[in-house]
Amino acid sequence: MQNIDLVQLTSQTKKLSAMIVEDEKVANELLSSTFKNFFSDVHSCFNGEDALAVYEKNTPDVVFVDIIMAGMDGIELSRRIREINPTQIIIVISASNDIEKISESIEVGVNSFIQKPIDTKKIIELLTSVVSMITKKKKIETKTFSISLPLDLYETVNDSAKAESISKNAIIIRALRGFFE
């Protein structure tokens with residue numbers, strides 16, 4: 001059962017990209033190599049400044065960030081990413097148990113906080129959570145899109161429905177198919 005779930009999980013995460021921001025070389029390499037098994041594309045950064053530039057260029061689906069780093073720390077990086085994209089999925093992976101830092105990361109609006117060291121079970125739970133967050137995010141985007149598109153096409157749909165005497169839903173479906181082809 002676990003293998004089937006892992007295969008299904010991997011098939012979903014392979015559609016996504018990720019960015020790892022970790023200043024410790026060994027930890028960065030370990031996270032990057034692990035997440036390359038799950039994500040289609042993994043960008044690796046060792047500091048907040050580089051990560052912000054990589055983020056703006058690539059806009060990954062998920063950002064994994066350490067809190068404590070020299071220069072721009074993970075909290076400031078998360079804050080800046082939130083300014084660029086308020087719905088970005090940001091997950092803190094940190095060994096820090098500093099309550100102030102954890103509270104500050106929550107105030108910034110990170111989606112999840114995972115304590116190091118990370119084991120296989122935590123990774124699977126984390127990735128399941130990521131897939132769930134992205135699915136919810138996509139549903140919201142789809143609902144918004146589905147609602148606005150018919151309103152934009154209302155006149156066309158209405159005229160077509162009168163001319164062809166077919167239901168509005170069939171016209172909308174046809175219009176959507178044409179839009180996505």
# chains A, B, ... in the order shown; residues from 1 in each chain; ligands from 1
call {"tool": "residues_around", "arguments": {"residues": "segment 69-83 of chain A", "least_positions_apart": "5", "cutoff": "9 Å", "atoms": "only C-alpha atoms", "output": "PyMOL selection string"}}
result
chain A and resi 21-24+46-49+51-52+55-56+63+88+90+92+101+104-105+108-110
call {"tool": "select_by_dssp", "arguments": {"residues": "segment 69-140 of chain A", "states": "strand (DSSP E)", "output": "number ranges by chain"}}
result
A: 89-94, 112-115
call {"tool": "write_last_selection", "arguments": {"atoms": "all heavy atoms", "output": "mmCIF file, in the first residue's frame"}}
result
data_model
loop_
_atom_site.group_PDB
_atom_site.id
_atom_site.type_symbol
_atom_site.label_atom_id
_atom_site.label_comp_id
_atom_site.auth_asym_id
_atom_site.auth_seq_id
_atom_site.Cartn_x
_atom_site.Cartn_y
_atom_site.Cartn_z
ATOM 1 N N ILE A 89 3.876 28.915 -2.197
ATOM 2 C CA ILE A 89 4.010 27.920 -1.137
ATOM 3 C C ILE A 89 5.447 27.964 -0.638
ATOM 4 O O ILE A 89 6.391 27.739 -1.400
ATOM 5 C CB ILE A 89 3.638 26.512 -1.631
ATOM 6 C CG1 ILE A 89 2.152 26.489 -1.974
ATOM 7 C CG2 ILE A 89 3.970 25.464 -0.564
ATOM 8 C CD1 ILE A 89 1.667 25.207 -2.584
ATOM 9 N N ILE A 90 5.585 28.301 0.646
ATOM 10 C CA ILE A 90 6.896 28.411 1.282
ATOM 11 C C ILE A 90 6.907 27.486 2.491
ATOM 12 O O ILE A 90 6.028 27.573 3.352
ATOM 13 C CB ILE A 90 7.190 29.861 1.739
ATOM 14 C CG1 ILE A 90 7.103 30.829 0.554
ATOM 15 C CG2 ILE A 90 8.552 29.932 2.423
ATOM 16 C CD1 ILE A 90 7.182 32.299 0.936
ATOM 17 N N ILE A 91 7.915 26.629 2.540
ATOM 18 C CA ILE A 91 8.047 25.691 3.645
ATOM 19 C C ILE A 91 9.405 25.896 4.297
ATOM 20 O O ILE A 91 10.435 25.853 3.629
ATOM 21 C CB ILE A 91 7.894 24.239 3.159
ATOM 22 C CG1 ILE A 91 6.479 24.071 2.589
ATOM 23 C CG2 ILE A 91 8.165 23.260 4.294
ATOM 24 C CD1 ILE A 91 6.223 22.797 1.888
ATOM 25 N N VAL A 92 9.383 26.145 5.592
ATOM 26 C CA VAL A 92 10.613 26.317 6.345
ATOM 27 C C VAL A 92 11.101 24.948 6.800
ATOM 28 O O VAL A 92 10.332 24.160 7.356
ATOM 29 C CB VAL A 92 10.385 27.236 7.567
ATOM 30 C CG1 VAL A 92 11.607 27.239 8.476
ATOM 31 C CG2 VAL A 92 10.041 28.642 7.125
ATOM 32 N N ILE A 93 12.375 24.682 6.516
ATOM 33 C CA ILE A 93 13.036 23.475 7.014
ATOM 34 C C ILE A 93 14.209 23.978 7.844
ATOM 35 O O ILE A 93 15.150 24.554 7.294
ATOM 36 C CB ILE A 93 13.533 22.579 5.863
ATOM 37 C CG1 ILE A 93 12.361 22.107 5.017
ATOM 38 C CG2 ILE A 93 14.309 21.400 6.423
ATOM 39 C CD1 ILE A 93 12.760 21.261 3.825
ATOM 40 N N SER A 94 14.120 23.798 9.149
ATOM 41 C CA SER A 94 15.134 24.393 10.012
ATOM 42 C C SER A 94 15.400 23.558 11.252
ATOM 43 O O SER A 94 14.504 22.876 11.749
ATOM 44 C CB SER A 94 14.683 25.798 10.427
ATOM 45 O OG SER A 94 15.675 26.422 11.206
ATOM 46 N N SER A 112 4.293 25.981 6.011
ATOM 47 C CA SER A 112 4.592 24.852 6.877
ATOM 48 C C SER A 112 5.976 25.025 7.470
ATOM 49 O O SER A 112 6.817 25.736 6.919
ATOM 50 C CB SER A 112 4.520 23.558 6.059
ATOM 51 O OG SER A 112 4.602 22.438 6.887
ATOM 52 N N PHE A 113 6.196 24.360 8.604
ATOM 53 C CA PHE A 113 7.482 24.414 9.293
ATOM 54 C C PHE A 113 7.876 22.992 9.630
ATOM 55 O O PHE A 113 7.137 22.288 10.314
ATOM 56 C CB PHE A 113 7.356 25.249 10.575
ATOM 57 C CG PHE A 113 8.667 25.482 11.265
ATOM 58 C CD1 PHE A 113 9.377 26.641 11.033
ATOM 59 C CD2 PHE A 113 9.189 24.542 12.144
ATOM 60 C CE1 PHE A 113 10.594 26.860 11.672
ATOM 61 C CE2 PHE A 113 10.397 24.744 12.784
ATOM 62 C CZ PHE A 113 11.106 25.909 12.547
ATOM 63 N N ILE A 114 9.024 22.553 9.141
ATOM 64 C CA ILE A 114 9.514 21.200 9.391
ATOM 65 C C ILE A 114 10.831 21.298 10.157
ATOM 66 O O ILE A 114 11.743 22.028 9.744
ATOM 67 C CB ILE A 114 9.743 20.429 8.060
ATOM 68 C CG1 ILE A 114 8.462 20.381 7.234
ATOM 69 C CG2 ILE A 114 10.289 19.044 8.325
ATOM 70 C CD1 ILE A 114 7.326 19.619 7.859
ATOM 71 N N GLN A 115 10.914 20.560 11.240
ATOM 72 C CA GLN A 115 12.113 20.543 12.083
ATOM 73 C C GLN A 115 13.141 19.564 11.526
ATOM 74 O O GLN A 115 12.795 18.454 11.131
ATOM 75 C CB GLN A 115 11.703 20.131 13.503
ATOM 76 C CG GLN A 115 12.772 20.327 14.538
ATOM 77 C CD GLN A 115 12.854 21.745 15.062
ATOM 78 O OE1 GLN A 115 11.879 22.474 15.048
ATOM 79 N NE2 GLN A 115 14.027 22.137 15.500
#
call {"tool": "residues_around", "arguments": {"residues": "segment 125-131 of chain A", "least_positions_apart": "3", "cutoff": "12 Å", "atoms": "only C-alpha atoms", "output": "PyMOL selection string"}}
result
chain A and resi 5-18+34-35+37-39+61-64+88-93+111-115+118-122+134-138
call {"tool": "atom_distance", "arguments": {"atom1": "atom CA of Ser32 of chain A", "atom2": "atom CA of Pro86 of chain A"}}
result
24.5 Å
call {"tool": "closest_residue", "arguments": {"among": "A:Ile68, A:Thr59, A:Glu107, A:Lys116", "to": "Asn85 of chain A", "atoms": "only C-alpha atoms"}}
result
A:Thr59
call {"tool": "select_by_dssp", "arguments": {"residues": "segment 89-122 of chain A", "states": "helix (DSSP H, G or I)", "output": "list in words"}}
result
Ile99, Glu100, Lys101, Ile102, Ser103, Glu104, Ser105, Ile106, Glu107, Val108, Thr120, Lys121 and Lys122 of chain A
call {"tool": "atom_distance", "arguments": {"atom1": "atom CA of Pro60 of chain A", "atom2": "atom CA of Ser44 of chain A"}}
result
11.2 Å
call {"tool": "atom_distance", "arguments": {"atom1": "atom CA of Glu100 of chain A", "atom2": "atom CA of Val65 of chain A"}}
result
16.8 Å
